[in-house]
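Working notes, structure below.
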Amino acid sequence: MVNLLNWDSIERRLTALAEEPVSDRDHGLSTSLLRALAGDPPAPFGIRRFHPLPALSATPAERGFGPHVDQTNHSVVVDERVVVKWLTPPVPLPHPTPEIFAHLVEVGFADTAPPYLALTRATDAGEELLALVTGYLPEARDGWEWCVDEAESGRTEFAGELGRLAADLHVALSTLPGGSSARSADPAARAARALAEALDLTGDADGEWLAARAGALARELEPLRAGIASPAIRIHGDLHVGQILSWRDGYAVIDFDGNPTVADTGVRQPAARDVAQLTTSLEHVAQVAIRRRGTPPADAAAWAGAARTGLLAAYRRRLSEQGRPDLLDETLIRPFEVEQECRELIYAARHLPRWRYAPMGVLRTWYPEEIVP
């Protein structure tokens, strides 16, 4: 049971979020907020509603997701029905998620946690996003758990469902208007910068190995020089297996915040960029299975290859069923996959050094020692 706060107490806490982001110490704040948002909050706060909030029980409980879940922000489960995701710190609007939530509701895309509302605040500098409220999905596990289980067991049946889900998401997002064009930035130059930065930041034996294959990696990026003819749409922007929950009723894609570690990209991109990030994440799952579960490398590589093939086949099939095969340019997948591995190395160097083993393991699988670039 939590102690409920009155609106004055809630308002004081919300006003201080920029200086003191929400943490585990704020027990009761999320429940109190949900109770208060049955109506409209006073200025300077505002809400954008997507679906009606569900009723809470008389004595709702709060809990976090636990230390095993990697979170950029701070999320709280209320009453096992609702998740309040606090932006830590609050972020200026426009932010992609409220717009995407509204559009997905409008077009009837349901393979996500049901969005309820976005809480905002007007400041002297402009409006900012404080929190997002969505439904809680029972028995949910993210892909860094359930997909590693699949890799360990060798099962790939899930891949077809992921391909279908990704295609439905892209078809839905393709009708979201507005935003800048993907062609406003040079995709070949962007990929070349990522390769150069990965080479610069990766040291030790891994860096030497990578430098010896710089020419082969650069050649993989060559198709981007021809330009991009496929439609530029709103994409997820950070679509990996960790953003896909396996829950009681199937699979759901979450977290439409975009990739906070990539700044040199437009809002609208080819669907192949999401597809490439999703397929490379299967390769990363294989590396996790090798490292943490003792899966033999040959078995893990075979699993990743079969899962990738199944995912892409289902994705193509679903796009055709929806009348949108034009959304995917397959010639972009490989160069975007290579660029993604470079970005994984950059992320490891700048934020999470222990992650380097995963992209390096993928690259060593793609470029075996006996093959001279």
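By convention in this document, the chains of the structure tokens carry letters A, B, ... by their order, each chain's residues are numbered from 1, and ligands are numbered from 1 in the order they are shown.
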Skipping near chain neighbours, those fewer than 6 positions away, what residues fall within 9 Å of Leu104 of chain A using only C-alpha atoms, listed as a CSV table (one decimal) with C-alpha atoms, in the first residue's frame?
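The file below, result.csv, is the result:
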chain,number,residue,atom,x,y,z
A,110,ALA,CA,-2.3,-2.8,-31.1
A,169,LEU,CA,4.6,-1.3,-37.4
A,172,ALA,CA,1.3,1.9,-39.6
A,173,LEU,CA,4.1,4.5,-39.2
A,176,LEU,CA,2.2,9.4,-40.1
- Close residues, Glu339 of chain A itself excluded, 10 Å, only C-alpha atoms, min 3 positions apart in chain, as a list in words: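 With the cut-off at 10 Å, the set is Ala188, Arg190, Ala191, Ala192, Arg193, Ala194, Leu195, Ala198, Leu217, Ala218, Glu220, Leu221, Arg273, Ala276, Gln277, Ile333, Arg334, Pro335, Phe336, Cys342, Arg343, Glu344 and Leu345 of chain A.
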Keeping only N, CA and C atoms, write the selected residues as a PDB file, in the first residue's frame.
ATOM      1  N   ALA A 188      25.457   7.743 -46.856  1.00  0.00           N
ATOM      2  CA  ALA A 188      26.802   7.194 -47.042  1.00  0.00           C
ATOM      3  C   ALA A 188      27.804   7.907 -46.136  1.00  0.00           C
ATOM      4  N   ARG A 190      27.116   9.482 -43.344  1.00  0.00           N
ATOM      5  CA  ARG A 190      26.811   9.116 -41.960  1.00  0.00           C
ATOM      6  C   ARG A 190      27.434   7.773 -41.610  1.00  0.00           C
ATOM      7  N   ALA A 191      27.299   6.786 -42.486  1.00  0.00           N
ATOM      8  CA  ALA A 191      27.861   5.459 -42.229  1.00  0.00           C
ATOM      9  C   ALA A 191      29.383   5.503 -42.188  1.00  0.00           C
ATOM     10  N   ALA A 192      29.975   6.296 -43.097  1.00  0.00           N
ATOM     11  CA  ALA A 192      31.430   6.418 -43.103  1.00  0.00           C
ATOM     12  C   ALA A 192      31.937   7.042 -41.812  1.00  0.00           C
ATOM     13  N   ARG A 193      31.209   8.024 -41.296  1.00  0.00           N
ATOM     14  CA  ARG A 193      31.597   8.622 -40.007  1.00  0.00           C
ATOM     15  C   ARG A 193      31.525   7.599 -38.883  1.00  0.00           C
ATOM     16  N   ALA A 194      30.486   6.758 -38.905  1.00  0.00           N
ATOM     17  CA  ALA A 194      30.363   5.737 -37.868  1.00  0.00           C
ATOM     18  C   ALA A 194      31.519   4.755 -37.929  1.00  0.00           C
ATOM     19  N   LEU A 195      31.905   4.346 -39.131  1.00  0.00           N
ATOM     20  CA  LEU A 195      33.043   3.431 -39.270  1.00  0.00           C
ATOM     21  C   LEU A 195      34.320   4.083 -38.765  1.00  0.00           C
ATOM     22  N   ALA A 198      34.257   4.242 -34.987  1.00  0.00           N
ATOM     23  CA  ALA A 198      34.449   2.916 -34.387  1.00  0.00           C
ATOM     24  C   ALA A 198      35.918   2.507 -34.454  1.00  0.00           C
ATOM     25  N   LEU A 217      34.922  -3.530 -44.510  1.00  0.00           N
ATOM     26  CA  LEU A 217      33.755  -2.855 -43.934  1.00  0.00           C
ATOM     27  C   LEU A 217      33.335  -1.673 -44.802  1.00  0.00           C
ATOM     28  N   ALA A 218      34.302  -0.908 -45.298  1.00  0.00           N
ATOM     29  CA  ALA A 218      33.977   0.236 -46.150  1.00  0.00           C
ATOM     30  C   ALA A 218      33.302  -0.228 -47.441  1.00  0.00           C
ATOM     31  N   GLU A 220      31.386  -2.765 -47.774  1.00  0.00           N
ATOM     32  CA  GLU A 220      30.004  -3.139 -47.442  1.00  0.00           C
ATOM     33  C   GLU A 220      29.082  -1.914 -47.442  1.00  0.00           C
ATOM     34  N   LEU A 221      29.654  -0.742 -47.189  1.00  0.00           N
ATOM     35  CA  LEU A 221      28.857   0.488 -47.133  1.00  0.00           C
ATOM     36  C   LEU A 221      28.631   1.114 -48.511  1.00  0.00           C
ATOM     37  N   ARG A 273      16.446   0.603 -42.169  1.00  0.00           N
ATOM     38  CA  ARG A 273      17.312   0.913 -41.023  1.00  0.00           C
ATOM     39  C   ARG A 273      16.808   0.210 -39.767  1.00  0.00           C
ATOM     40  N   ALA A 276      17.492  -3.577 -40.198  1.00  0.00           N
ATOM     41  CA  ALA A 276      18.897  -3.929 -39.972  1.00  0.00           C
ATOM     42  C   ALA A 276      19.240  -3.942 -38.491  1.00  0.00           C
ATOM     43  N   GLN A 277      18.704  -3.005 -37.726  1.00  0.00           N
ATOM     44  CA  GLN A 277      18.983  -3.013 -36.290  1.00  0.00           C
ATOM     45  C   GLN A 277      18.359  -4.233 -35.629  1.00  0.00           C
ATOM     46  N   ILE A 333      19.942  -3.308 -46.461  1.00  0.00           N
ATOM     47  CA  ILE A 333      20.015  -4.018 -45.187  1.00  0.00           C
ATOM     48  C   ILE A 333      21.454  -4.264 -44.762  1.00  0.00           C
ATOM     49  N   ARG A 334      22.277  -4.825 -45.648  1.00  0.00           N
ATOM     50  CA  ARG A 334      23.654  -5.140 -45.251  1.00  0.00           C
ATOM     51  C   ARG A 334      24.458  -3.897 -44.881  1.00  0.00           C
ATOM     52  N   PRO A 335      24.463  -2.843 -45.690  1.00  0.00           N
ATOM     53  CA  PRO A 335      25.233  -1.670 -45.246  1.00  0.00           C
ATOM     54  C   PRO A 335      24.717  -1.081 -43.934  1.00  0.00           C
ATOM     55  N   PHE A 336      23.409  -1.101 -43.736  1.00  0.00           N
ATOM     56  CA  PHE A 336      22.891  -0.609 -42.460  1.00  0.00           C
ATOM     57  C   PHE A 336      23.276  -1.543 -41.313  1.00  0.00           C
ATOM     58  N   CYS A 342      29.091  -0.816 -36.169  1.00  0.00           N
ATOM     59  CA  CYS A 342      29.997   0.289 -35.836  1.00  0.00           C
ATOM     60  C   CYS A 342      29.428   1.126 -34.702  1.00  0.00           C
ATOM     61  N   ARG A 343      28.130   1.377 -34.750  1.00  0.00           N
ATOM     62  CA  ARG A 343      27.498   2.183 -33.699  1.00  0.00           C
ATOM     63  C   ARG A 343      27.482   1.434 -32.369  1.00  0.00           C
ATOM     64  N   GLU A 344      27.377   0.115 -32.434  1.00  0.00           N
ATOM     65  CA  GLU A 344      27.459  -0.666 -31.192  1.00  0.00           C
ATOM     66  C   GLU A 344      28.854  -0.529 -30.567  1.00  0.00           C
ATOM     67  N   LEU A 345      29.877  -0.510 -31.392  1.00  0.00           N
ATOM     68  CA  LEU A 345      31.233  -0.328 -30.876  1.00  0.00           C
ATOM     69  C   LEU A 345      31.410   1.075 -30.292  1.00  0.00           C
TER      70      LEU A 345
END
- Task: Could you please write out, as a VMD selection string, every residue of segment 133-179 of chain A that DSSP assigns to strand (DSSP E or B)?
- Result: chain A and resid 133 to 135 141
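In terms of minimum interatomic distance to Leu312 of chain A, A:Leu165 ranks closest within A:Leu165, A:Ile235, A:Ile244, A:Val262, counting only C-alpha atoms.
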Residues within 10 Å of segment 288-297 of chain A, only C-alpha atoms, excluding chain neighbours under 4 positions, as a JSON list (two decimals) with N, CA and C atoms, in the first residue's frame:
[["chain", "number", "residue", "atom", "x", "y", "z"],
["A", 144, "TRP", "N", 16.22, -9.42, -24.24],
["A", 144, "TRP", "CA", 17.51, -9.85, -23.71],
["A", 144, "TRP", "C", 17.33, -11.01, -22.73],
["A", 145, "GLU", "N", 16.09, -11.34, -22.41],
["A", 145, "GLU", "CA", 15.81, -12.53, -21.61],
["A", 145, "GLU", "C", 15.20, -13.63, -22.49],
["A", 147, "CYS", "N", 14.63, -13.91, -25.72],
["A", 147, "CYS", "CA", 15.27, -14.27, -26.98],
["A", 147, "CYS", "C", 16.57, -15.05, -26.74],
["A", 148, "VAL", "N", 17.25, -14.74, -25.64],
["A", 148, "VAL", "CA", 18.44, -15.54, -25.29],
["A", 148, "VAL", "C", 18.03, -16.98, -24.97],
["A", 149, "ASP", "N", 16.89, -17.14, -24.32],
["A", 149, "ASP", "CA", 16.37, -18.49, -24.09],
["A", 149, "ASP", "C", 16.15, -19.23, -25.41],
["A", 150, "GLU", "N", 15.61, -18.51, -26.40],
["A", 150, "GLU", "CA", 15.37, -19.12, -27.72],
["A", 150, "GLU", "C", 16.69, -19.52, -28.37],
["A", 151, "ALA", "N", 17.69, -18.65, -28.26],
["A", 151, "ALA", "CA", 18.99, -18.97, -28.85],
["A", 151, "ALA", "C", 19.61, -20.19, -28.18],
["A", 152, "GLU", "N", 19.51, -20.24, -26.87],
["A", 152, "GLU", "CA", 20.09, -21.38, -26.14],
["A", 152, "GLU", "C", 19.43, -22.69, -26.55],
["A", 153, "SER", "N", 18.12, -22.65, -26.78],
["A", 153, "SER", "CA", 17.39, -23.87, -27.14],
["A", 153, "SER", "C", 17.43, -24.17, -28.63],
["A", 154, "GLY", "N", 17.83, -23.17, -29.44],
["A", 154, "GLY", "CA", 17.86, -23.36, -30.88],
["A", 154, "GLY", "C", 16.53, -23.13, -31.57],
["A", 282, "LEU", "N", 19.58, -9.84, -33.28],
["A", 282, "LEU", "CA", 19.56, -11.30, -33.19],
["A", 282, "LEU", "C", 20.98, -11.84, -33.10],
["A", 283, "GLU", "N", 21.88, -11.23, -33.87],
["A", 283, "GLU", "CA", 23.30, -11.63, -33.79],
["A", 283, "GLU", "C", 23.86, -11.34, -32.41],
["A", 284, "HIS", "N", 23.45, -10.23, -31.81],
["A", 284, "HIS", "CA", 23.92, -9.91, -30.46],
["A", 284, "HIS", "C", 23.38, -10.91, -29.44],
["A", 301, "ALA", "N", 25.78, -19.19, -34.12],
["A", 301, "ALA", "CA", 25.81, -18.56, -35.44],
["A", 301, "ALA", "C", 24.74, -19.14, -36.36],
["A", 302, "ALA", "N", 24.57, -20.46, -36.31],
["A", 302, "ALA", "CA", 23.54, -21.09, -37.13],
["A", 302, "ALA", "C", 22.15, -20.63, -36.71],
["A", 303, "TRP", "N", 21.94, -20.51, -35.41],
["A", 303, "TRP", "CA", 20.65, -20.03, -34.91],
["A", 303, "TRP", "C", 20.38, -18.61, -35.40],
["A", 355, "TRP", "N", 30.16, -4.17, -23.17],
["A", 355, "TRP", "CA", 29.33, -4.61, -24.30],
["A", 355, "TRP", "C", 30.15, -4.88, -25.56],
["A", 357, "TYR", "N", 32.19, -6.98, -26.48],
["A", 357, "TYR", "CA", 32.30, -8.36, -26.93],
["A", 357, "TYR", "C", 31.22, -8.74, -27.94],
["A", 358, "ALA", "N", 30.02, -8.12, -27.81],
["A", 358, "ALA", "CA", 28.90, -8.52, -28.68],
["A", 358, "ALA", "C", 29.13, -8.08, -30.12],
["A", 361, "GLY", "N", 32.10, -9.90, -31.54],
["A", 361, "GLY", "CA", 31.78, -11.30, -31.84],
["A", 361, "GLY", "C", 31.02, -11.44, -33.14],
["A", 365, "THR", "N", 32.35, -13.20, -36.66],
["A", 365, "THR", "CA", 31.56, -14.22, -37.33],
["A", 365, "THR", "C", 31.40, -13.88, -38.82]]
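Residue nearest Phe65 of chain A, chosen from A:Ala205, A:Ala43, A:Leu319, A:Ala140 and counting only C-alpha atoms: A:Ala140.
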- Tell me which protein, DNA and RNA residues are within 9 Å of Phe158 of chain A, counting only C-alpha atoms, leaving out same-chain ones fewer than 3 positions away, and put them as a PyMOL selection string. chain A and resi 147+150+155+161-163+307+310-311
Please produce, as JSON lines, a per-residue contact table for segment 188-252 of chain A versus segment 113-132 of chain A (criterion: any atom at most 12 Å away, only C-alpha atoms considered), showing the nearest atom pair and its distance in Å to one decimal, sorted by chain then residue number.
{"residue": "A:Gln243", "atom": "CA", "partner": "A:Ala113", "partner_atom": "CA", "distance": 11.3}
{"residue": "A:Ile244", "atom": "CA", "partner": "A:Ala113", "partner_atom": "CA", "distance": 10.4}
{"residue": "A:Leu245", "atom": "CA", "partner": "A:Ala113", "partner_atom": "CA", "distance": 9.3}
{"residue": "A:Ser246", "atom": "CA", "partner": "A:Ala113", "partner_atom": "CA", "distance": 11.4}
{"residue": "A:Trp247", "atom": "CA", "partner": "A:Ala113", "partner_atom": "CA", "distance": 10.3}
{"residue": "A:Asp249", "atom": "CA", "partner": "A:Ala113", "partner_atom": "CA", "distance": 11.4}
{"residue": "A:Gly250", "atom": "CA", "partner": "A:Ala113", "partner_atom": "CA", "distance": 11.4}
{"residue": "A:Tyr251", "atom": "CA", "partner": "A:Ala113", "partner_atom": "CA", "distance": 9.8}
{"residue": "A:Ala252", "atom": "CA", "partner": "A:Ala113", "partner_atom": "CA", "distance": 6.6}
Output of the above residues as an mmCIF file, in the first residue's frame, restricted to all heavy atoms:
data_model
loop_
_atom_site.group_PDB
_atom_site.id
_atom_site.type_symbol
_atom_site.label_atom_id
_atom_site.label_comp_id
_atom_site.auth_asym_id
_atom_site.auth_seq_id
_atom_site.Cartn_x
_atom_site.Cartn_y
_atom_site.Cartn_z
ATOM 1 N N GLN A 243 13.549 -4.139 -27.188
ATOM 2 C CA GLN A 243 12.336 -3.326 -27.267
ATOM 3 C C GLN A 243 11.103 -4.155 -27.606
ATOM 4 O O GLN A 243 10.028 -3.591 -27.813
ATOM 5 C CB GLN A 243 12.498 -2.240 -28.347
ATOM 6 C CG GLN A 243 13.790 -1.447 -28.279
ATOM 7 C CD GLN A 243 13.811 -0.455 -27.135
ATOM 8 O OE1 GLN A 243 13.194 -0.684 -26.100
ATOM 9 N NE2 GLN A 243 14.509 0.639 -27.312
ATOM 10 N N ILE A 244 11.267 -5.455 -27.691
ATOM 11 C CA ILE A 244 10.135 -6.329 -28.005
ATOM 12 C C ILE A 244 9.888 -7.243 -26.813
ATOM 13 O O ILE A 244 10.734 -8.066 -26.449
ATOM 14 C CB ILE A 244 10.385 -7.137 -29.280
ATOM 15 C CG1 ILE A 244 10.551 -6.175 -30.471
ATOM 16 C CG2 ILE A 244 9.227 -8.108 -29.536
ATOM 17 C CD1 ILE A 244 10.837 -6.846 -31.777
ATOM 18 N N LEU A 245 8.750 -7.073 -26.195
ATOM 19 C CA LEU A 245 8.384 -7.868 -25.034
ATOM 20 C C LEU A 245 7.661 -9.131 -25.466
ATOM 21 O O LEU A 245 6.815 -9.108 -26.356
ATOM 22 C CB LEU A 245 7.475 -7.073 -24.094
ATOM 23 C CG LEU A 245 8.000 -5.738 -23.568
ATOM 24 C CD1 LEU A 245 6.974 -5.099 -22.633
ATOM 25 C CD2 LEU A 245 9.337 -5.909 -22.866
ATOM 26 N N SER A 246 8.000 -10.216 -24.832
ATOM 27 C CA SER A 246 7.194 -11.432 -24.912
ATOM 28 C C SER A 246 6.321 -11.436 -23.662
ATOM 29 O O SER A 246 6.825 -11.385 -22.544
ATOM 30 C CB SER A 246 8.093 -12.672 -24.938
ATOM 31 O OG SER A 246 7.321 -13.852 -24.823
ATOM 32 N N TRP A 247 5.008 -11.449 -23.866
ATOM 33 C CA TRP A 247 4.112 -11.376 -22.709
ATOM 34 C C TRP A 247 3.019 -12.419 -22.834
ATOM 35 O O TRP A 247 3.026 -13.238 -23.760
ATOM 36 C CB TRP A 247 3.555 -9.971 -22.535
ATOM 37 C CG TRP A 247 2.600 -9.477 -23.588
ATOM 38 C CD1 TRP A 247 2.869 -9.222 -24.895
ATOM 39 C CD2 TRP A 247 1.219 -9.175 -23.393
ATOM 40 N NE1 TRP A 247 1.743 -8.774 -25.533
ATOM 41 C CE2 TRP A 247 0.719 -8.726 -24.646
ATOM 42 C CE3 TRP A 247 0.372 -9.219 -22.296
ATOM 43 C CZ2 TRP A 247 -0.610 -8.341 -24.821
ATOM 44 C CZ3 TRP A 247 -0.953 -8.823 -22.476
ATOM 45 C CH2 TRP A 247 -1.425 -8.396 -23.713
ATOM 46 N N ASP A 249 0.064 -12.585 -23.888
ATOM 47 C CA ASP A 249 -0.754 -12.686 -25.097
ATOM 48 C C ASP A 249 0.025 -12.546 -26.387
ATOM 49 O O ASP A 249 -0.565 -12.343 -27.447
ATOM 50 C CB ASP A 249 -1.870 -11.630 -25.062
ATOM 51 C CG ASP A 249 -2.863 -11.877 -23.927
ATOM 52 O OD1 ASP A 249 -2.916 -13.013 -23.416
ATOM 53 O OD2 ASP A 249 -3.581 -10.928 -23.547
ATOM 54 N N GLY A 250 1.365 -12.623 -26.332
ATOM 55 C CA GLY A 250 2.130 -12.559 -27.577
ATOM 56 C C GLY A 250 3.350 -11.671 -27.457
ATOM 57 O O GLY A 250 4.083 -11.715 -26.473
ATOM 58 N N TYR A 251 3.565 -10.834 -28.474
ATOM 59 C CA TYR A 251 4.717 -9.942 -28.516
ATOM 60 C C TYR A 251 4.232 -8.494 -28.648
ATOM 61 O O TYR A 251 3.188 -8.229 -29.259
ATOM 62 C CB TYR A 251 5.640 -10.275 -29.696
ATOM 63 C CG TYR A 251 6.274 -11.644 -29.596
ATOM 64 C CD1 TYR A 251 5.714 -12.733 -30.247
ATOM 65 C CD2 TYR A 251 7.422 -11.843 -28.838
ATOM 66 C CE1 TYR A 251 6.281 -13.995 -30.148
ATOM 67 C CE2 TYR A 251 8.000 -13.103 -28.732
ATOM 68 C CZ TYR A 251 7.420 -14.169 -29.392
ATOM 69 O OH TYR A 251 7.985 -15.415 -29.290
ATOM 70 N N ALA A 252 5.008 -7.571 -28.097
ATOM 71 C CA ALA A 252 4.657 -6.151 -28.161
ATOM 72 C C ALA A 252 5.927 -5.327 -28.295
ATOM 73 O O ALA A 252 6.926 -5.600 -27.620
ATOM 74 C CB ALA A 252 3.888 -5.729 -26.908
#
- Write out as a PyMOL selection string the residues lying within 9 Å of Pro187 of chain A, counting only C-alpha atoms and excluding same-chain residues fewer than 2 positions away. chain A and resi 182-183+185+189-192+224-225+227-228+265
Written file, previous selection with C-alpha atoms, as a PDB file, in the first residue's frame:
ATOM      1  CA  ALA A 182      15.514  11.086 -44.570  1.00  0.00           C
ATOM      2  CA  ARG A 183      17.254  12.337 -47.704  1.00  0.00           C
ATOM      3  CA  ALA A 185      21.268  13.784 -44.635  1.00  0.00           C
ATOM      4  CA  ALA A 189      28.601   9.987 -45.183  1.00  0.00           C
ATOM      5  CA  ARG A 190      26.811   9.116 -41.960  1.00  0.00           C
ATOM      6  CA  ALA A 191      27.861   5.459 -42.229  1.00  0.00           C
ATOM      7  CA  ALA A 192      31.430   6.418 -43.103  1.00  0.00           C
ATOM      8  CA  LEU A 224      24.670   3.730 -49.784  1.00  0.00           C
ATOM      9  CA  ARG A 225      26.549   5.892 -52.285  1.00  0.00           C
ATOM     10  CA  GLY A 227      21.349   7.024 -52.798  1.00  0.00           C
ATOM     11  CA  ILE A 228      18.070   5.821 -51.305  1.00  0.00           C
ATOM     12  CA  THR A 265      19.766  11.408 -38.226  1.00  0.00           C
TER      13      THR A 265
END
- Query: Got a sec: who's within 10 Å of Arg364 of chain A, counting only C-alpha atoms, leaving out chain neighbours fewer than 6 positions off, as number ranges by chain?
  - Reply: A: 206, 209-210, 358
- Query: Of the candidates A:Leu352, A:Leu33, A:Leu328, A:Ala61, which one gets nearest to Ser174 of chain A if we count only C-alpha atoms?
  - Reply: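 Checking each of A:Leu352, A:Leu33, A:Leu328, A:Ala61 against Ser174 of chain A, counting only C-alpha atoms, the winner is A:Leu328.
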- Query: Which of these, A:Leu87, A:Ala314, A:Ala232, A:Ala349, has the shortest distance to Leu201 of chain A once you count only C-alpha atoms?
  - Reply: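 That would be A:Ala349, the residue with the smallest distance to Leu201 of chain A.
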- Message: Quick check, in Å to one decimal: how far apart do atom CA of Pro94 of chain A and atom CA of Ala38 of chain A lie?
- Response: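 Computed distance, atom CA of Pro94 of chain A to atom CA of Ala38 of chain A, equals 24.5 Å.
Within segment 215-258 of chain A, residues classed as helix (DSSP H, G or I) by DSSP on backbone coordinates are Gly215, Ala216, Leu217, Ala218, Arg219, Glu220, Glu222, Pro223, Leu224, Arg225, Ala226, Val241, Gly242 and Gln243 of chain A.
As for atom CA of Ser230 of chain A and atom CA of Ala271 of chain A, they are spaced 8.3 Å apart.
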